[in-house]
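Asker: Pasting input31.txt below, which is compact mmCIF, C-alpha atoms.
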```txt
# COMPACT_ATOMS: atom_id res chain seq x y z
CA MET P 1 -9.06 -13.62 25.26
CA ARG P 2 -7.09 -10.50 24.47
CA ASP P 3 -3.57 -10.28 25.88
CA LEU P 4 -3.74 -7.20 28.12
CA VAL P 5 -0.73 -5.84 29.97
CA GLU P 6 -0.88 -3.45 32.90
CA ILE P 7 1.29 -0.43 32.09
CA GLY P 8 0.48 1.52 35.27
CA MET P 9 -2.17 1.77 37.96
CA GLY P 10 -5.57 1.56 36.35
CA ARG P 11 -4.25 1.50 32.77
CA THR P 12 -3.81 -1.52 30.55
CA ALA P 13 -2.72 -1.91 26.96
CA ARG P 14 -3.24 -4.71 24.50
CA ARG P 15 -0.17 -6.65 23.44
CA ALA P 16 0.17 -6.58 19.67
CA TYR P 17 2.58 -8.19 17.22
CA ASP P 18 4.54 -7.14 14.16
CA LEU P 19 5.31 -9.39 11.22
CA ASP P 20 8.81 -9.92 12.63
CA ASP P 21 7.26 -11.49 15.74
CA ILE P 22 5.50 -14.33 13.94
CA GLU P 23 6.50 -17.36 11.88
CA ILE P 24 4.59 -19.54 9.42
CA VAL P 25 4.24 -23.19 10.44
CA PRO P 26 4.76 -25.85 7.75
CA SER P 27 1.98 -28.41 7.37
CA ARG P 28 2.11 -32.14 6.71
CA ARG P 29 1.67 -31.55 2.97
CA THR P 30 3.85 -29.86 0.37
CA ARG P 31 3.28 -29.24 -3.31
CA SER P 32 5.11 -27.96 -6.36
CA SER P 33 5.27 -24.19 -6.63
CA LYS P 34 4.31 -24.62 -10.30
CA VAL P 35 0.75 -25.52 -9.27
CA VAL P 36 0.35 -22.61 -6.84
CA SER P 37 -1.81 -19.62 -7.78
CA THR P 38 -1.18 -16.09 -6.51
CA ALA P 39 -4.16 -14.64 -8.40
CA TRP P 40 -6.76 -12.46 -6.69
CA LYS P 41 -9.75 -10.44 -7.79
CA ILE P 42 -11.31 -7.20 -6.57
CA ASP P 43 -14.71 -6.36 -8.01
CA ALA P 44 -14.48 -7.17 -11.73
CA TYR P 45 -10.70 -6.81 -11.91
CA GLN P 46 -8.46 -9.89 -11.91
CA PHE P 47 -4.75 -9.79 -11.08
CA ASP P 48 -2.08 -12.47 -11.27
CA LEU P 49 -0.15 -11.00 -8.34
CA PRO P 50 -1.39 -9.81 -4.92
CA LEU P 51 0.61 -6.62 -5.50
CA VAL P 52 -0.65 -3.05 -5.24
CA THR P 53 1.96 -0.29 -5.34
CA HIS P 54 2.12 2.23 -2.53
CA PRO P 55 1.13 5.49 -4.30
CA THR P 56 4.36 7.45 -4.12
CA ASP P 57 6.17 9.26 -6.93
CA ALA P 58 9.37 7.56 -5.79
CA ILE P 59 8.26 4.27 -7.35
CA VAL P 60 5.19 4.98 -9.50
CA SER P 61 5.20 6.98 -12.71
CA PRO P 62 2.67 6.39 -15.48
CA GLY P 63 5.29 4.18 -17.13
CA THR P 64 5.96 2.05 -14.07
CA ALA P 65 2.22 1.76 -13.40
CA VAL P 66 1.96 0.23 -16.87
CA ALA P 67 4.92 -2.08 -16.22
CA VAL P 68 3.43 -3.30 -12.92
CA GLY P 69 0.09 -3.89 -14.62
CA GLU P 70 1.67 -5.87 -17.43
CA LEU P 71 3.43 -8.08 -14.86
CA GLY P 72 0.15 -8.87 -13.11
CA GLY P 73 -0.07 -6.28 -10.31
CA LEU P 74 -1.86 -2.98 -9.82
CA GLY P 75 0.10 0.27 -10.12
CA VAL P 76 -1.49 3.19 -8.25
CA LEU P 77 -0.75 6.75 -9.36
CA ASN P 78 -0.71 9.52 -6.77
CA ALA P 79 -3.31 11.96 -8.11
CA GLU P 80 -1.86 14.67 -5.86
CA GLY P 81 1.76 13.98 -6.74
CA LEU P 82 4.33 15.42 -9.12
CA TRP P 83 2.76 14.06 -12.31
CA ALA P 84 -0.36 16.05 -11.46
CA ARG P 85 1.54 19.29 -10.74
CA HIS P 86 4.51 19.60 -13.13
CA SER P 87 4.68 19.32 -16.89
CA ASN P 88 8.38 18.40 -16.70
CA VAL P 89 8.55 15.80 -13.93
CA GLU P 90 11.98 14.67 -15.11
CA GLU P 91 13.36 18.06 -14.13
CA ALA P 92 11.69 17.87 -10.73
CA MET P 93 13.12 14.40 -10.16
CA PHE P 94 16.57 15.61 -11.24
CA ARG P 95 16.39 18.35 -8.60
CA ILE P 96 15.54 15.75 -5.95
CA LEU P 97 18.38 13.45 -6.99
CA ARG P 98 20.89 16.29 -7.22
CA THR P 99 19.91 17.59 -3.78
CA ALA P 100 20.31 14.09 -2.35
CA GLU P 101 23.83 13.95 -3.77
CA ASP P 102 24.85 17.45 -2.70
CA THR P 103 23.64 17.59 0.90
CA ASP P 104 23.64 15.53 4.06
CA ASP P 105 20.68 17.52 5.41
CA PRO P 106 17.54 15.35 5.24
CA GLY P 107 15.46 18.47 5.87
CA ALA P 108 16.63 19.95 2.56
CA LEU P 109 15.00 17.09 0.65
CA VAL P 110 11.75 17.41 2.56
CA ARG P 111 11.71 21.18 1.96
CA LEU P 112 12.23 20.56 -1.76
CA LEU P 113 9.32 18.10 -1.87
CA GLN P 114 7.15 20.62 -0.03
CA GLU P 115 8.12 23.26 -2.60
CA LEU P 116 7.41 20.97 -5.55
CA HIS P 117 4.03 19.99 -4.10
CA SER P 118 3.05 23.59 -3.49
CA ALA P 119 2.40 23.89 -7.23
CA PRO P 120 -1.33 23.57 -7.97
CA ILE P 121 -2.82 20.35 -9.27
CA ARG P 122 -3.49 20.62 -13.00
CA VAL P 123 -6.30 18.52 -14.32
CA ASP P 124 -4.79 18.43 -17.81
CA LEU P 125 -1.57 16.88 -16.50
CA LEU P 126 -3.50 14.41 -14.37
CA LYS P 127 -5.54 13.32 -17.38
CA ASP P 128 -2.39 12.92 -19.47
CA ALA P 129 -0.84 10.65 -16.85
CA ILE P 130 -3.98 8.54 -16.58
CA ARG P 131 -4.30 8.36 -20.37
CA THR P 132 -0.82 6.81 -20.59
CA VAL P 133 -1.88 3.97 -18.30
CA ARG P 134 -5.32 3.53 -19.86
CA GLU P 135 -3.99 3.33 -23.41
CA ALA P 136 -1.58 0.57 -22.39
CA GLY P 137 -4.57 -1.63 -21.61
CA VAL P 138 -3.88 -2.26 -17.92
CA THR P 139 -6.17 -1.47 -14.99
CA VAL P 140 -6.06 2.23 -14.07
CA ALA P 141 -5.91 3.14 -10.38
CA ALA P 142 -5.27 6.47 -8.67
CA ARG P 143 -4.98 7.62 -5.08
CA VAL P 144 -6.56 10.72 -3.51
CA SER P 145 -6.45 11.91 0.08
CA PRO P 146 -9.71 12.16 2.06
CA GLN P 147 -9.31 15.95 2.04
CA HIS P 148 -9.36 16.16 -1.77
CA ALA P 149 -11.42 13.12 -2.73
CA ALA P 150 -14.66 14.97 -3.46
CA GLU P 151 -12.84 17.63 -5.48
CA LEU P 152 -10.65 15.39 -7.65
CA THR P 153 -12.73 12.25 -8.14
CA PRO P 154 -15.01 13.55 -10.95
CA ASP P 155 -11.97 14.44 -13.06
CA LEU P 156 -10.31 11.11 -12.29
CA LEU P 157 -13.36 9.15 -13.35
CA ALA P 158 -13.74 11.23 -16.49
CA ALA P 159 -10.12 10.46 -17.36
CA GLY P 160 -10.71 6.72 -17.05
CA VAL P 161 -9.74 5.66 -13.52
CA GLU P 162 -11.18 2.21 -12.84
CA ILE P 163 -10.21 1.72 -9.18
CA LEU P 164 -10.15 4.66 -6.77
CA VAL P 165 -7.90 4.57 -3.70
CA VAL P 166 -8.84 6.97 -0.88
CA GLN P 167 -5.84 6.87 1.41
CA GLY P 168 -4.56 8.86 4.35
CA THR P 169 -2.24 8.09 7.25
CA MET P 170 -5.32 6.97 9.16
CA ILE P 171 -8.83 7.21 7.79
CA SER P 172 -12.34 6.99 9.20
CA ALA P 173 -15.77 6.53 7.68
CA GLU P 174 -16.38 10.26 8.02
CA HIS P 175 -13.64 12.86 7.59
CA VAL P 176 -14.62 15.97 9.55
CA ALA P 177 -13.38 19.36 8.36
CA ARG P 178 -13.74 22.75 10.06
CA ASP P 179 -14.92 24.88 7.15
CA ASP P 180 -16.07 22.42 4.50
CA HIS P 181 -18.62 19.67 4.48
CA PRO P 182 -17.24 16.42 5.90
CA LEU P 183 -16.42 13.56 3.56
CA ASN P 184 -18.93 10.86 4.38
CA LEU P 185 -17.43 7.82 2.70
CA LYS P 186 -20.70 5.89 2.64
CA ASP P 187 -22.46 8.61 0.64
CA PHE P 188 -19.33 9.25 -1.43
CA ILE P 189 -18.89 5.59 -2.43
CA ALA P 190 -22.60 5.09 -3.09
CA ASP P 191 -22.46 7.74 -5.83
CA LEU P 192 -19.58 6.03 -7.68
CA ASP P 193 -19.61 3.33 -10.31
CA VAL P 194 -16.04 2.19 -9.60
CA PRO P 195 -14.70 0.12 -6.68
CA VAL P 196 -13.08 2.11 -3.88
CA ILE P 197 -10.18 0.97 -1.73
CA ALA P 198 -9.91 2.98 1.49
CA GLY P 199 -7.47 3.19 4.40
CA GLY P 200 -5.35 3.00 6.37
CA VAL P 201 -6.81 1.43 9.45
CA ALA P 202 -5.26 -0.39 12.38
CA ASP P 203 -8.09 -2.02 14.32
CA TYR P 204 -11.19 -4.17 13.98
CA ARG P 205 -13.73 -1.43 14.65
CA THR P 206 -12.41 1.05 12.08
CA ALA P 207 -12.01 -1.69 9.50
CA MET P 208 -15.63 -2.72 10.06
CA HIS P 209 -16.79 0.91 9.74
CA LEU P 210 -15.00 1.25 6.40
CA MET P 211 -16.43 -2.00 5.13
CA ARG P 212 -19.91 -0.73 5.95
CA THR P 213 -19.34 2.31 3.75
CA GLY P 214 -19.33 0.06 0.71
CA ALA P 215 -15.56 0.01 0.16
CA ALA P 216 -14.36 -2.87 -1.99
CA GLY P 217 -11.05 -3.00 -0.14
CA VAL P 218 -9.59 -1.76 3.13
CA ILE P 219 -5.93 -0.79 3.56
CA VAL P 220 -4.36 -1.88 6.85
CA GLY P 221 -1.39 0.19 8.01
CA HIS P 222 0.19 3.43 6.91
CA GLY P 223 3.14 2.31 4.81
CA TYR P 224 5.58 2.09 7.71
CA THR P 225 9.18 1.72 6.58
CA PRO P 226 12.05 1.88 9.10
CA GLY P 227 14.27 4.88 8.44
CA VAL P 228 11.73 6.43 6.06
CA THR P 229 8.36 7.00 7.70
CA SER P 230 8.18 8.81 11.04
CA THR P 231 4.48 8.72 11.91
CA ASP P 232 5.31 6.97 15.16
CA ARG P 233 7.75 9.73 16.18
CA VAL P 234 5.65 12.65 14.92
CA LEU P 235 2.14 11.55 15.93
CA GLY P 236 2.84 8.72 18.34
CA ILE P 237 0.78 6.42 16.10
CA GLY P 238 2.09 2.97 15.29
CA VAL P 239 0.61 -0.10 13.65
CA PRO P 240 1.82 -3.57 14.73
CA MET P 241 1.07 -5.12 11.37
CA ALA P 242 0.46 -8.78 12.19
CA THR P 243 -2.19 -7.96 14.79
CA ALA P 244 -3.71 -5.20 12.63
CA ILE P 245 -4.07 -7.49 9.60
CA ILE P 246 -5.60 -10.28 11.67
CA ASP P 247 -8.07 -7.85 13.26
CA ALA P 248 -9.09 -6.50 9.84
CA ALA P 249 -9.47 -10.06 8.54
CA ALA P 250 -11.78 -10.77 11.50
CA ALA P 251 -13.83 -7.72 10.57
CA ARG P 252 -13.99 -9.02 6.98
CA ARG P 253 -15.31 -12.37 8.21
CA ASP P 254 -17.92 -10.78 10.47
CA TYR P 255 -18.98 -8.33 7.75
CA LEU P 256 -19.33 -11.25 5.33
CA ASP P 257 -21.76 -12.88 7.78
CA GLU P 258 -23.52 -9.59 8.48
CA THR P 259 -24.22 -8.94 4.79
CA GLY P 260 -24.87 -12.50 3.73
CA GLY P 261 -21.89 -12.74 1.41
CA ARG P 262 -20.29 -9.37 0.62
CA TYR P 263 -16.52 -9.86 0.68
CA VAL P 264 -14.22 -6.88 1.31
CA HIS P 265 -10.55 -7.28 0.49
CA VAL P 266 -7.82 -6.53 3.02
CA LEU P 267 -4.61 -4.90 1.74
CA ALA P 268 -1.54 -4.79 3.99
CA ASP P 269 0.53 -1.60 3.74
CA GLY P 270 3.75 -1.37 5.75
CA GLY P 271 6.27 -3.43 7.66
CA MET P 272 7.25 -5.51 4.62
CA ASN P 273 10.90 -5.34 3.64
CA ALA P 274 11.50 -8.86 2.32
CA SER P 275 9.63 -11.68 0.65
CA GLY P 276 9.05 -13.47 3.95
CA ASP P 277 7.15 -10.43 5.23
CA ILE P 278 4.85 -10.62 2.20
CA ALA P 279 4.15 -14.28 2.91
CA LYS P 280 3.43 -13.51 6.58
CA ALA P 281 1.05 -10.68 5.65
CA ILE P 282 -0.97 -13.02 3.42
CA ALA P 283 -0.84 -15.72 6.10
CA CYS P 284 -2.32 -13.24 8.60
CA GLY P 285 -5.28 -12.69 6.30
CA ALA P 286 -4.33 -10.05 3.72
CA ASP P 287 -5.66 -10.56 0.21
CA ALA P 288 -2.88 -8.42 -1.28
CA VAL P 289 0.08 -6.34 -0.18
CA MET P 290 0.75 -2.68 -0.89
CA LEU P 291 4.50 -2.41 -1.47
CA GLY P 292 6.61 0.73 -1.39
CA ALA P 293 10.25 0.64 -0.31
CA PRO P 294 11.00 -2.87 -1.68
CA LEU P 295 10.13 -1.60 -5.18
CA ALA P 296 12.66 1.25 -4.94
CA ALA P 297 15.27 -1.25 -6.12
CA ALA P 298 13.60 -1.50 -9.54
CA ALA P 299 15.57 0.12 -12.34
CA GLU P 300 12.27 1.53 -13.63
CA ALA P 301 11.50 3.37 -10.37
CA PRO P 302 11.46 7.15 -11.02
CA GLY P 303 13.19 7.86 -7.70
CA GLN P 304 16.28 5.98 -8.95
CA GLY P 305 16.92 4.34 -5.60
CA LEU P 306 15.47 7.06 -3.37
CA TYR P 307 12.27 6.39 -1.46
CA TRP P 308 9.68 8.54 0.30
CA THR P 309 5.95 8.48 0.89
CA ALA P 310 3.40 11.17 0.07
CA ALA P 311 3.52 12.27 3.73
CA ALA P 312 7.00 13.71 3.12
CA ALA P 313 5.45 16.62 1.25
CA HIS P 314 2.91 17.62 3.90
CA PRO P 315 3.17 21.42 4.08
CA SER P 316 3.25 21.69 7.88
CA LEU P 317 3.82 18.27 9.41
CA PRO P 318 5.83 15.90 7.18
CA ARG P 319 5.92 12.29 8.36
CA SER P 320 8.37 10.75 5.93
CA ARG P 321 12.02 11.26 5.11
CA VAL P 322 13.65 10.91 1.72
CA ALA P 323 15.93 7.94 2.20
CA ALA P 324 18.32 5.96 0.09
CA GLY P 325 16.80 2.68 -0.98
CA PRO P 326 18.58 -0.64 -1.52
CA GLU P 327 22.18 -0.58 -2.70
CA TYR P 328 21.35 -2.88 -5.60
CA GLU P 329 19.31 -2.31 -8.76
CA VAL P 330 17.43 -4.88 -10.81
CA ASP P 331 14.74 -4.67 -13.44
CA LEU P 332 11.18 -4.84 -12.15
CA LYS P 333 10.46 -8.27 -13.60
CA THR P 334 13.49 -9.79 -11.87
CA LEU P 335 12.60 -8.01 -8.63
CA LEU P 336 9.17 -9.64 -8.66
CA PHE P 337 9.90 -13.04 -10.22
CA GLY P 338 13.66 -13.62 -10.11
CA PRO P 339 15.96 -15.31 -10.67
CA SER P 340 17.86 -14.09 -7.64
CA SER P 341 21.37 -14.49 -6.28
CA ASP P 342 20.36 -12.68 -3.09
CA ALA P 343 19.82 -14.76 0.04
CA GLU P 344 17.99 -12.08 2.06
CA GLY P 345 14.60 -12.17 0.35
CA VAL P 346 14.77 -8.79 -1.38
CA VAL P 347 14.68 -10.10 -4.98
CA ASN P 348 12.17 -12.57 -6.45
CA LEU P 349 9.54 -11.31 -4.04
CA PHE P 350 6.58 -13.20 -5.44
CA GLY P 351 8.50 -16.27 -6.52
CA ALA P 352 9.28 -16.59 -2.82
CA LEU P 353 5.58 -16.21 -1.94
CA ARG P 354 4.74 -19.06 -4.29
CA ARG P 355 7.47 -21.18 -2.69
CA ALA P 356 6.19 -20.41 0.83
CA MET P 357 2.68 -21.46 -0.20
CA ALA P 358 4.02 -24.62 -1.82
CA LYS P 359 6.19 -25.56 1.17
CA THR P 360 3.16 -25.34 3.45
CA GLY P 361 0.88 -27.22 1.06
CA TYR P 362 -1.53 -24.46 -0.01
CA SER P 363 -2.63 -23.94 -3.61
CA ASP P 364 -4.08 -20.41 -3.53
CA LEU P 365 -4.10 -17.25 -1.43
CA LYS P 366 -7.41 -17.91 0.32
CA GLU P 367 -6.20 -21.31 1.48
CA PHE P 368 -2.87 -19.87 2.60
CA GLN P 369 -4.68 -17.47 4.92
CA LYS P 370 -5.53 -20.54 7.04
CA VAL P 371 -1.91 -21.56 7.67
CA ASN P 372 -0.85 -21.97 11.29
CA LEU P 373 1.29 -19.27 12.90
CA THR P 374 3.54 -19.15 15.92
CA ILE P 375 4.84 -16.28 18.02
CA ARG P 376 8.60 -16.04 18.13
CA ARG P 377 8.86 -14.50 21.60
```
Would you give me this structure, written as structure tokens?

Answerer:
Amino acid sequence: MRDLVEIGMGRTARRAYDLDDIEIVPSRRTRSSKVVSTAWKIDAYQFDLPLVTHPTDAIVSPGTAVAVGELGGLGVLNAEGLWARHSNVEEAMFRILRTAEDTDDPGALVRLLQELHSAPIRVDLLKDAIRTVREAGVTVAARVSPQHAAELTPDLLAAGVEILVVQGTMISAEHVARDDHPLNLKDFIADLDVPVIAGGVADYRTAMHLMRTGAAGVIVGHGYTPGVTSTDRVLGIGVPMATAIIDAAAARRDYLDETGGRYVHVLADGGMNASGDIAKAIACGADAVMLGAPLAAAAEAPGQGLYWTAAAAHPSLPRSRVAAGPEYEVDLKTLLFGPSSDAEGVVNLFGALRRAMAKTGYSDLKEFQKVNLTIRR
């Protein structure tokens, strides 16, 4: 039975939980972390890590997408970001970093991102960025917004994109526009020969709708990061991640039964600041996590310690700040696999996931999704 709370006469609301509200329960069995697998597969693409990068220029350049791919994850380029608009992205990044150093006005950084993103998307630059990733031999993924998916996707596929990510703050099976034809994801996906990951969603019904479009994966959440994203303040929309992931996992199970065996992957995006949050997201039912802010600590990150999401550059209603990331810097490999001298779970992110799985006796991600959970409060 759902936990409903009366918030006024005649109005109830469902109680929902964030990752901070839950804990993983150890089982009677443990195992060595050396025999634990964190591998997962979406369509024909196999990955050693359940890691997909949040598609922001702050952490993903063509070079870092390659580095993430070589380490076993999936780096996702923002097809509407700076690498698609400016031939000299280093200069654009320098302007962002210099502005961050010279001003205490957070609005100045957002205005600069809006200015930089007002430049038109250039297909030649987009193809160059994708070519860099493709020629390195790792899986090529790119993100488009629902508003520009139909326009940009043919060029992305021609350039060699292998996994398409259609992502907005919140997304539905049909994006309705005033002047143009709506984007019907079911028709859109049916015409493609590549797997599509779509989101974000926050509830069972929307997750089920997206699964029925033919999406290979569904993103849960909208990349919430305290102090960075402001969707809750601007739009009043929030996503309690533990409940949202569990609801989407329930939709995945029911859709599996409905279709007689078609499995749709659930990707958790937001609310994860430390390795324990990653473990909890998988335990709630996620197949992989979409990380943003935790990767800003990587020395390879183009934002050099700054972090923002694509929503920061919205021309009329930005929903992300440009914020300083962690006060430490490590190379990407150490950030993901250690070793670490940090006791707060912000380095060796996936070594910690392996240890959590081992301490609770589970050998792979699908098994770990069955671990018992408790509510802290």

Asker: Considering all atoms listed in the file, can you say which of P:Ile163, P:Val266, P:Val144, P:Val110 comes closest to Tyr204 (chain P)?

Answerer: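 Answer, going by the shortest atom-to-atom distance: P:Val266.
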
Asker: Considering all atoms listed in the file, return as a list of chain:residue names whatever protein or nucleic-acid residues lie within 8 Å of Ile189 (chain P), sequence-local ones (same chain, fewer than 2 positions apart) excluded.

Answerer: P:Leu185, P:Lys186, P:Asp187, P:Asp191, P:Leu192, P:Val196, P:Thr213, P:Gly214, P:Ala215

Asker: Mind giving me the straight-line distance from CA of Ile130 (chain P) to CA of Thr56 (chain P) in Å, one decimal?

Answerer: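 Taking CA of Ile130 (chain P) and CA of Thr56 (chain P), their separation equals 15.0 Å.
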
Asker: Check the smallest atom-to-atom distance from each of P:Pro195, P:Gly236, P:Gly303, P:Gly8 to Ile96 (chain P) using all atoms listed in the file, then report the winner.

Answerer: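 Distance minimum relative to Ile96 (chain P) lands on P:Gly303.
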
Asker: How far is it from CA of Pro326 (chain P) to CA of Leu51 (chain P), in Å with one decimal?

Answerer: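 Between these atoms lies a distance of 19.4 Å.
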
Asker: Go through P:Ala100, P:Ala158, P:Ala108, P:Ala79 one by one, measure the shortest atom-to-atom distance of each to Ala129 (chain P) using only C-alpha atoms, and give the residue with the smallest value.

Answerer: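 Smallest distance to Ala129 (chain P) is found for P:Ala79.
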
Asker: In file coordinates, which residues lie within 9 Å of (6.9, 20.3, -2.2) using only C-alpha atoms, given as a PyMOL selection string?

Answerer: chain P and resi 82+110-119+312-315

Asker: Would you mind telling me which residue in P:Lys333, P:His148, P:Lys280, P:Arg98 lies nearest to Leu373 (chain P) when using all atoms listed in the file?

Answerer: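 Between P:Lys333, P:His148, P:Lys280, P:Arg98, the residue approaching Leu373 (chain P) most closely is P:Lys280.
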
Asker: Take CA of Gly160 (chain P) and CA of Arg131 (chain P) and report the distance between them in Å, one decimal.

Answerer: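 Computing it gives 7.4 Å between the two atoms.
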
Asker: Report as a PyMOL selection string all protein, DNA and RNA residues lying within 12 Å of Ser87 (chain P), evaluated on only C-alpha atoms, omitting residues in the same chain fewer than 3 positions from it.

Answerer: chain P and resi 81-84+90-93+116+119-129

Asker: Near Gly63 (chain P), within 9 Å and counting only C-alpha atoms, which residues show up once chain neighbours fewer than 5 positions away are dropped, as a PyMOL selection string?

Answerer: chain P and resi 68+129+132-133+300

Asker: For Pro226 (chain P), which of P:Met208, P:Ala324, P:Ile282, P:Ile245 is the closest residue, counting only C-alpha atoms?

Answerer: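 Using only C-alpha atoms, the shortest distance to Pro226 (chain P) belongs to P:Ala324.
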
Asker: Identify the residues around (6.3, -17.8, 11.9) within a radius of 9 Å, measuring from all atoms listed in the file in the coordinates stated by the file, and give them as a VMD selection string.

Answerer: chain P and resid 19 to 25 280 372 to 376

Asker: Identify which of the residues P:Val140, P:Met357, P:Val346, P:Leu71 lies closest to Leu157 (chain P), counting all atoms listed in the file when measuring atom-to-atom distances.

Answerer: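 Checking each candidate against Leu157 (chain P), we get P:Val140 as the closest.
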